[in-house]
Each structure stands twice: as structure tokens, then as C-alpha cells.
Amino acid sequence: MKYVSTRGGMEPQSFSDILLEGLATDGGLAIPQQVPQVSAQMLESWRPLSYPELAAQVLGLFVDDIPAEDLARLTQAAYAPGVFASEDVVPVKPLKGSLSLLGLSEGPTLAFKDMAMQFLGQVFEYVLQRRGTTLNVVGATSGDTGSAAEYALKGKKGVSVFMLSPHGRMSAFQRAQMYSLQDANIFNVAVEGVFDDCQDIVKALAGDLAFKEQYRLGAVNSINWARISAQIVYYFWGWLRATTGPGQQVSFAVPSGNFGNILSGHMARKMGLPIRRLVLATNENNVLEEFFRTGIYRPRSAADTHATSSPSMDISRASNFERFVFDLVGQDASEVRRLWDELGGKGYFDLSSHQPEFESKYGFVAGASSHADRLATIRRVHQETGVLIDPHTADGVKVAEAYLEDGIPMLALETALPAKFGETILEATGKLAPVPAHLAGLDSLPQRVDVLPNDAERVRQYVRERAQV
Ligand SMILES: *Cc1c(COP(=O)(O)O)cnc(C)c1O
């Protein structure tokens, strides 16, 4: 299987080729030429597998140019017992009734980004060594991608990481996690702007093809297809844990920002996994909720992006959304190009004629959550079940509760652990969230970060002076 672009202008490429690229050469996003199908029989045969074994099976359907035994070795290393705190890697934690948490935050940085990033770290090193080349990863983070990428790539041969984060917009814990890394191949850049500004700078650098080629820029942001494919695995895992036999349906609730996580759920559903609903949850930055409610996609400017208490979802332009729109418009690349042209001109596009299909054909429903909702949900879930959830997970749980159905398990994706967002947990419960023992004292470590103005030229110069050549 090969990969093509949502805009139709890229020759088919292999998994390893798109692994090292960000945007497709025509400005679109890489997508598989055909979506592999998983039969009920195949699915049942996967029940006894461990998480790394399942990952090798699911990823094997998307990786066309890595031998199966090598891939199995990479997933074993990515999801090794020492890397994830839970023996299951991804535990399912019952909350009440049909509602459970899918524990995606047992990795080194306590957020679901580790699920994809640990695999990416392994497969990057593997492909770079095989090709005898190096890579400079330039990325933007609203908090969790950056630390997950840095923890997955620190000390890896042939890769340097330049991670742009919005200055002053991350939690103290997130800052301590990223900025305390002292590895020589890790560079933290705090940009005086919001997340979307950081993302624009990354786009500007990657869009300069001469610069990109000379410095071999690579991407680890959520448009990276390897991340999307690694995330598909846990939808299969969650389904296998929540069901006992073929054909049973499961719904998933997904705290969303860049539309990466839930896109993986959409892919799993297209592959034939019996998913009833994909419940998309946003915070006050509700561009996606608005789209699923109205069919109008109207991204907002950086100035109109609220800084909320679920900061990893403070995104007003969902970089993966184009992959879903591609399906919505019948995989018509010229229509995707037209819509994005329209977006550039008018600031929105209107797919309201497709709105009835969002749920009936694709299983998508959506809701938004506010700061008050988050606090109330954290407090209530804690009182009722004794389980402490983080603010992002709370957004998901809040919206999930509106879509519970008898007899259908609802898995709310736990996208971070509460320890990462101590301020909000304190506000909600009056107590600080427990910090895992191995992370105690993190905030007193020396931090390494360079603050730069919101200016692509300055960042380009910074990378030029430090890149691996
Ligand atoms: C990144 C992130 C999200 C949003 O995921 P997307 O793939 O961008 O939709 C939600 N919660 C947490 C904790 C995150 O780190």
C-alpha cells in the first residue's frame, strides 16, 4: 500500500518516505491509497495479543516497507514495560455504568501523545540508520506533543529536535518536563505568541523547500501519518477489552484539538472496527464542535483563541481536519483544493449539505465544555468514583455523558494524567494531584529554553546555527 495526498498532487510514496516528511509536496496531507480492511474473524484472532503484538499487527497493515519481524521489534521497544507504567500499556478503568476510561497516559510524559511518539522515536532511528542520513525535527507544541517528542527522541542517533512552544501558555509541569531535558540533541524554543503562531512558523520553515532540503527538516506534529497510524492501535485495543465477541459496538469520546486522535478513530471505523459513535469534545475553542453542529468550518485567529484550563486543546485550526474532509467530499482532491482556497479567501467553508451524514454515515457527534464544566466534572467523578481525571479528560467525560446508551460501552479517552495540570485539580478538588514518584522534584531541576520573538526569520536563523548536518 502506498500514500497519496489529500490534494491529489503527490506521486504514491512508501511509509518510510512520508515518515520523514511533514506536509505532502502539494501542501496536502498524506493518506493511504486504500484503507486496509479488518474482518470480524481477524479481529477475534487478535484478542489474546499483548499491546505491542497488536500494534505490530495493526501497523503492519499500514507499513509497506519494513519487514514484519523488524516492525515487531520496534513495537516491542516502543511499548516496553519500562516505558509505560501500566502492565497493560493501555488499561481500561471502569468509571460507572457503561462509562470507562481508556488509559492512554501511562507513558513517560503522562499524556496520550506518548502512545504515538514512542513508536515514532523507534521507527525514526530505524529508518535513518537504514538510509544513512540525519534529520532535524522542527515542531510546534501546545504542551504535550513537545515533551512526548523530546522524551521519545532524546539521545536518539541522527535526530535533533527543535520544539517551538507558546511562551507562558503551558502549565508549570509541562514547562518543567520539556525544559529540564539537558540532552544535546534537544532544543526548546519559547515563541512570544500562541500555539497557532508556532505552527505557522513551522509551516513557513517547512514550506521553504530549499531550506527544508538543506537542513533535512522532519515533522512530528499531529499531521505525521506514522502518529495517526500508531494511534489507530488503541481504538482496536479498547474495543477488544470492552467487548466479548464479534460485532458488538463501542463508542469512544475524544478530547480534541488538532483532530489527530479522533481521526485515528475515524480510520479504525473505516477499517471495519464496530465503532458506534465517535464523540468529539472541545473546550471553549469550539471550532470543531461548531463544524459538527452546523457544517460550517470557521477557524479562528490566534487572537480569538482562548487560553483555557485544558490548554492542549487550545487550537482553532485543526491541522488533521483535511483528512476527514477528504472523505466527506467523496475523496475528491480537487474539491479539497477548492475548499481550502475558499477558506483562504472567505475565512470559512460550508459543508452544511453534508451535515446529516456526520452522524449517520461517520458516527460523529460533538459537544463543548467550559472551565466550569471541567471543574464540576473533575469534582463529581472524583466524589462518585474516587478516580481523579485531568481537565482534558474531563472535557471528554462531560461530553460523553450526553451520549451514553444502554448496552453500549463508552470509552472516554484519558488523554493526560491529573499531575500534569495541578493548578486546575487544586481548583476543582481543593487538593493537589498526586505526582508519580519518578517525577517528584521535576520543577526544581534547571531549565533550558530560548525565548524568541514571533518571527519565522529568527527561528530559521536559530535552526540554521544548531542543526545536524
Ligand atoms: C494533544 C492533546 C489533545 C488533543 O488531541 P488532538 O489529536 O490534537 O485532537 C487532548 N488532550 C491532551 C491532553 C492532549 O495532549
# chains A, B, ... in the order shown; residues from 1 in each chain; ligands from 1
>>> residues_near_ligand(ligand="ligand 1", cutoff="6 Å", atoms="only C-alpha atoms and all ligand atoms", output="number ranges by chain")
A: 111, 144, 255-261, 312-313, 392, 415-416
>>> select_by_dssp(residues="segment 84-236 of chain A", states="alpha helix (DSSP H)", output="ChimeraX atom specification")
/A:113-131,144-153,172-179,195-207,209-214,225-236
>>> atom_distance(atom1="atom CA of Leu280 of chain A", atom2="atom CA of Val254 of chain A")
5.2 Å
>>> atom_distance(atom1="atom CA of Gln355 of chain A", atom2="atom CA of Glu289 of chain A")
12.3 Å
>>> atom_distance(atom1="atom CA of Gln122 of chain A", atom2="atom CA of Arg464 of chain A")
25.5 Å
>>> closest_residue(among="A:Gly430, A:Gly143, A:Gly28, A:Gly238", to="Leu54 of chain A", atoms="only C-alpha atoms")
A:Gly238
>>> select_by_dssp(residues="segment 294-392 of chain A", states="strand (DSSP E)", output="JSON, numbers by chain")
{"A": [296, 297, 349, 350, 364, 365, 366, 367, 368]}
>>> closest_residue(among="A:Thr109, A:Thr133, A:Ser50, A:Ser301", to="Leu217 of chain A", atoms="only C-alpha atoms")
A:Thr133
>>> residues_around(residues="segment 153-157 of chain A", least_positions_apart="2", cutoff="10 Å", atoms="only C-alpha atoms", output="list in words")
Met117, Gln118, Leu120, Gly121, Gln122, Phe124, Glu125, Tyr126, Leu128, Gln129, Thr133, Thr134, Leu135, Val137, Ser147, Ala148, Ala149, Glu150, Tyr151, Val159, Ser160, Val161, Leu181, Gln182, Asp183, Ala184, Asn185 and Ile186 of chain A
>>> write_last_selection(atoms="N, CA and C atoms", output="compact mmCIF listing (two decimals), in the first residue's frame")
# COMPACT_ATOMS: atom_id res chain seq x y z
N MET A 117 4.27 8.75 19.89
CA MET A 117 5.62 9.28 19.82
C MET A 117 6.68 8.23 20.14
N GLN A 118 6.37 7.32 21.07
CA GLN A 118 7.34 6.28 21.39
C GLN A 118 7.58 5.40 20.17
N LEU A 120 7.17 6.46 17.05
CA LEU A 120 7.87 7.33 16.11
C LEU A 120 9.38 7.38 16.40
N GLY A 121 9.73 7.48 17.67
CA GLY A 121 11.14 7.53 18.06
C GLY A 121 11.87 6.28 17.57
N GLN A 122 11.25 5.12 17.74
CA GLN A 122 11.87 3.87 17.31
C GLN A 122 11.98 3.81 15.79
N PHE A 124 11.86 6.24 13.54
CA PHE A 124 12.78 7.27 13.01
C PHE A 124 14.21 6.74 13.02
N GLU A 125 14.65 6.28 14.19
CA GLU A 125 16.03 5.83 14.32
C GLU A 125 16.31 4.69 13.33
N TYR A 126 15.34 3.77 13.24
CA TYR A 126 15.47 2.62 12.34
C TYR A 126 15.64 3.06 10.89
N LEU A 128 16.35 6.10 9.66
CA LEU A 128 17.52 6.95 9.43
C LEU A 128 18.79 6.13 9.34
N GLN A 129 18.93 5.14 10.21
CA GLN A 129 20.13 4.30 10.17
C GLN A 129 20.18 3.51 8.87
N THR A 133 21.23 8.60 6.98
CA THR A 133 21.03 10.04 6.91
C THR A 133 20.64 10.59 8.29
N THR A 134 20.49 11.90 8.37
CA THR A 134 20.11 12.54 9.63
C THR A 134 18.85 13.37 9.40
N LEU A 135 18.27 13.87 10.50
CA LEU A 135 17.02 14.60 10.39
C LEU A 135 16.97 15.66 11.48
N VAL A 137 14.18 17.63 13.38
CA VAL A 137 12.74 17.74 13.60
C VAL A 137 12.43 19.14 14.08
N SER A 147 6.81 17.58 24.72
CA SER A 147 7.52 16.75 25.69
C SER A 147 7.52 15.29 25.24
N ALA A 148 6.41 14.83 24.66
CA ALA A 148 6.38 13.44 24.19
C ALA A 148 7.44 13.21 23.11
N ALA A 149 7.57 14.17 22.19
CA ALA A 149 8.57 14.04 21.12
C ALA A 149 9.98 14.06 21.71
N GLU A 150 10.20 14.97 22.64
CA GLU A 150 11.54 15.09 23.20
C GLU A 150 11.92 13.84 24.00
N TYR A 151 10.97 13.31 24.76
CA TYR A 151 11.28 12.09 25.52
C TYR A 151 11.48 10.90 24.60
N VAL A 159 19.14 12.34 14.97
CA VAL A 159 17.99 13.25 15.04
C VAL A 159 18.25 14.39 16.02
N SER A 160 17.94 15.62 15.63
CA SER A 160 17.85 16.71 16.59
C SER A 160 16.41 17.22 16.61
N VAL A 161 16.01 17.79 17.73
CA VAL A 161 14.64 18.26 17.88
C VAL A 161 14.64 19.75 18.22
N LEU A 181 15.03 18.95 30.15
CA LEU A 181 15.87 18.00 29.41
C LEU A 181 17.19 18.66 29.03
N GLN A 182 18.28 17.96 29.30
CA GLN A 182 19.59 18.55 29.03
C GLN A 182 20.30 17.87 27.86
N ASP A 183 19.62 16.97 27.16
CA ASP A 183 20.26 16.24 26.06
C ASP A 183 20.70 17.19 24.95
N ALA A 184 21.88 16.90 24.38
CA ALA A 184 22.46 17.81 23.40
C ALA A 184 21.63 17.88 22.12
N ASN A 185 20.80 16.89 21.83
CA ASN A 185 20.03 16.92 20.57
C ASN A 185 18.63 17.52 20.74
N ILE A 186 18.39 18.15 21.89
CA ILE A 186 17.07 18.72 22.17
C ILE A 186 17.17 20.25 22.34
>>> closest_residue(among="A:Gly396, A:Gly146, A:Gly132, A:Gly265", to="Gln174 of chain A", atoms="only C-alpha atoms")
A:Gly146
>>> residues_around(residues="Tyr403 of chain A", least_positions_apart="4", cutoff="9 Å", atoms="only C-alpha atoms", output="list in words")
Ser251, Arg277, Val279, Val365, Val399 and Met410 of chain A
>>> write_last_selection(atoms="all heavy atoms", output="CSV table (one decimal), in the first residue's frame")
chain,number,residue,atom,x,y,z
A,251,SER,N,-18.6,2.9,21.7
A,251,SER,CA,-18.4,4.3,21.4
A,251,SER,C,-17.2,4.9,22.1
A,251,SER,O,-16.8,4.3,23.1
A,251,SER,CB,-19.6,5.1,21.9
A,251,SER,OG,-20.8,4.8,21.1
A,277,ARG,N,-20.3,5.4,18.0
A,277,ARG,CA,-20.1,6.8,17.9
A,277,ARG,C,-18.7,7.3,18.2
A,277,ARG,O,-18.0,6.7,19.0
A,277,ARG,CB,-21.1,7.5,18.8
A,277,ARG,CG,-22.5,7.7,18.3
A,277,ARG,CD,-23.3,8.4,19.4
A,277,ARG,NE,-24.6,8.7,18.9
A,277,ARG,CZ,-25.7,8.7,19.7
A,277,ARG,NH1,-25.5,8.4,20.9
A,277,ARG,NH2,-26.8,9.1,19.2
A,279,VAL,N,-17.4,10.5,19.7
A,279,VAL,CA,-17.9,11.7,20.4
A,279,VAL,C,-16.8,12.7,20.5
A,279,VAL,O,-15.8,12.5,21.2
A,279,VAL,CB,-18.4,11.3,21.8
A,279,VAL,CG1,-19.0,12.6,22.4
A,279,VAL,CG2,-19.5,10.2,21.7
A,365,VAL,N,-20.5,12.7,16.6
A,365,VAL,CA,-21.3,13.7,17.3
A,365,VAL,C,-20.3,14.6,18.1
A,365,VAL,O,-19.2,14.2,18.2
A,365,VAL,CB,-22.3,13.0,18.2
A,365,VAL,CG1,-23.4,12.3,17.5
A,365,VAL,CG2,-21.6,12.1,19.2
A,399,VAL,N,-18.7,15.6,27.8
A,399,VAL,CA,-19.5,15.4,26.6
A,399,VAL,C,-20.0,14.0,26.4
A,399,VAL,O,-21.1,13.7,25.9
A,399,VAL,CB,-18.6,15.9,25.4
A,399,VAL,CG1,-19.4,15.7,24.1
A,399,VAL,CG2,-18.3,17.4,25.6
A,410,MET,N,-19.0,2.9,26.5
A,410,MET,CA,-18.4,4.2,26.1
A,410,MET,C,-17.0,4.3,26.7
A,410,MET,O,-16.9,4.3,27.9
A,410,MET,CB,-19.3,5.4,26.6
A,410,MET,CG,-18.8,6.8,26.5
A,410,MET,SD,-18.7,7.4,24.8
A,410,MET,CE,-20.5,7.9,24.6
>>> residues_around(residues="Ala440 of chain A", least_positions_apart="3", cutoff="12 Å", atoms="only C-alpha atoms", output="list in words")
Phe173, Ala176, Gln177, Ala419, Lys420, Ala433, Pro434, Val435, Pro436, Ala437, Asp443, Ser444 and Leu445 of chain A
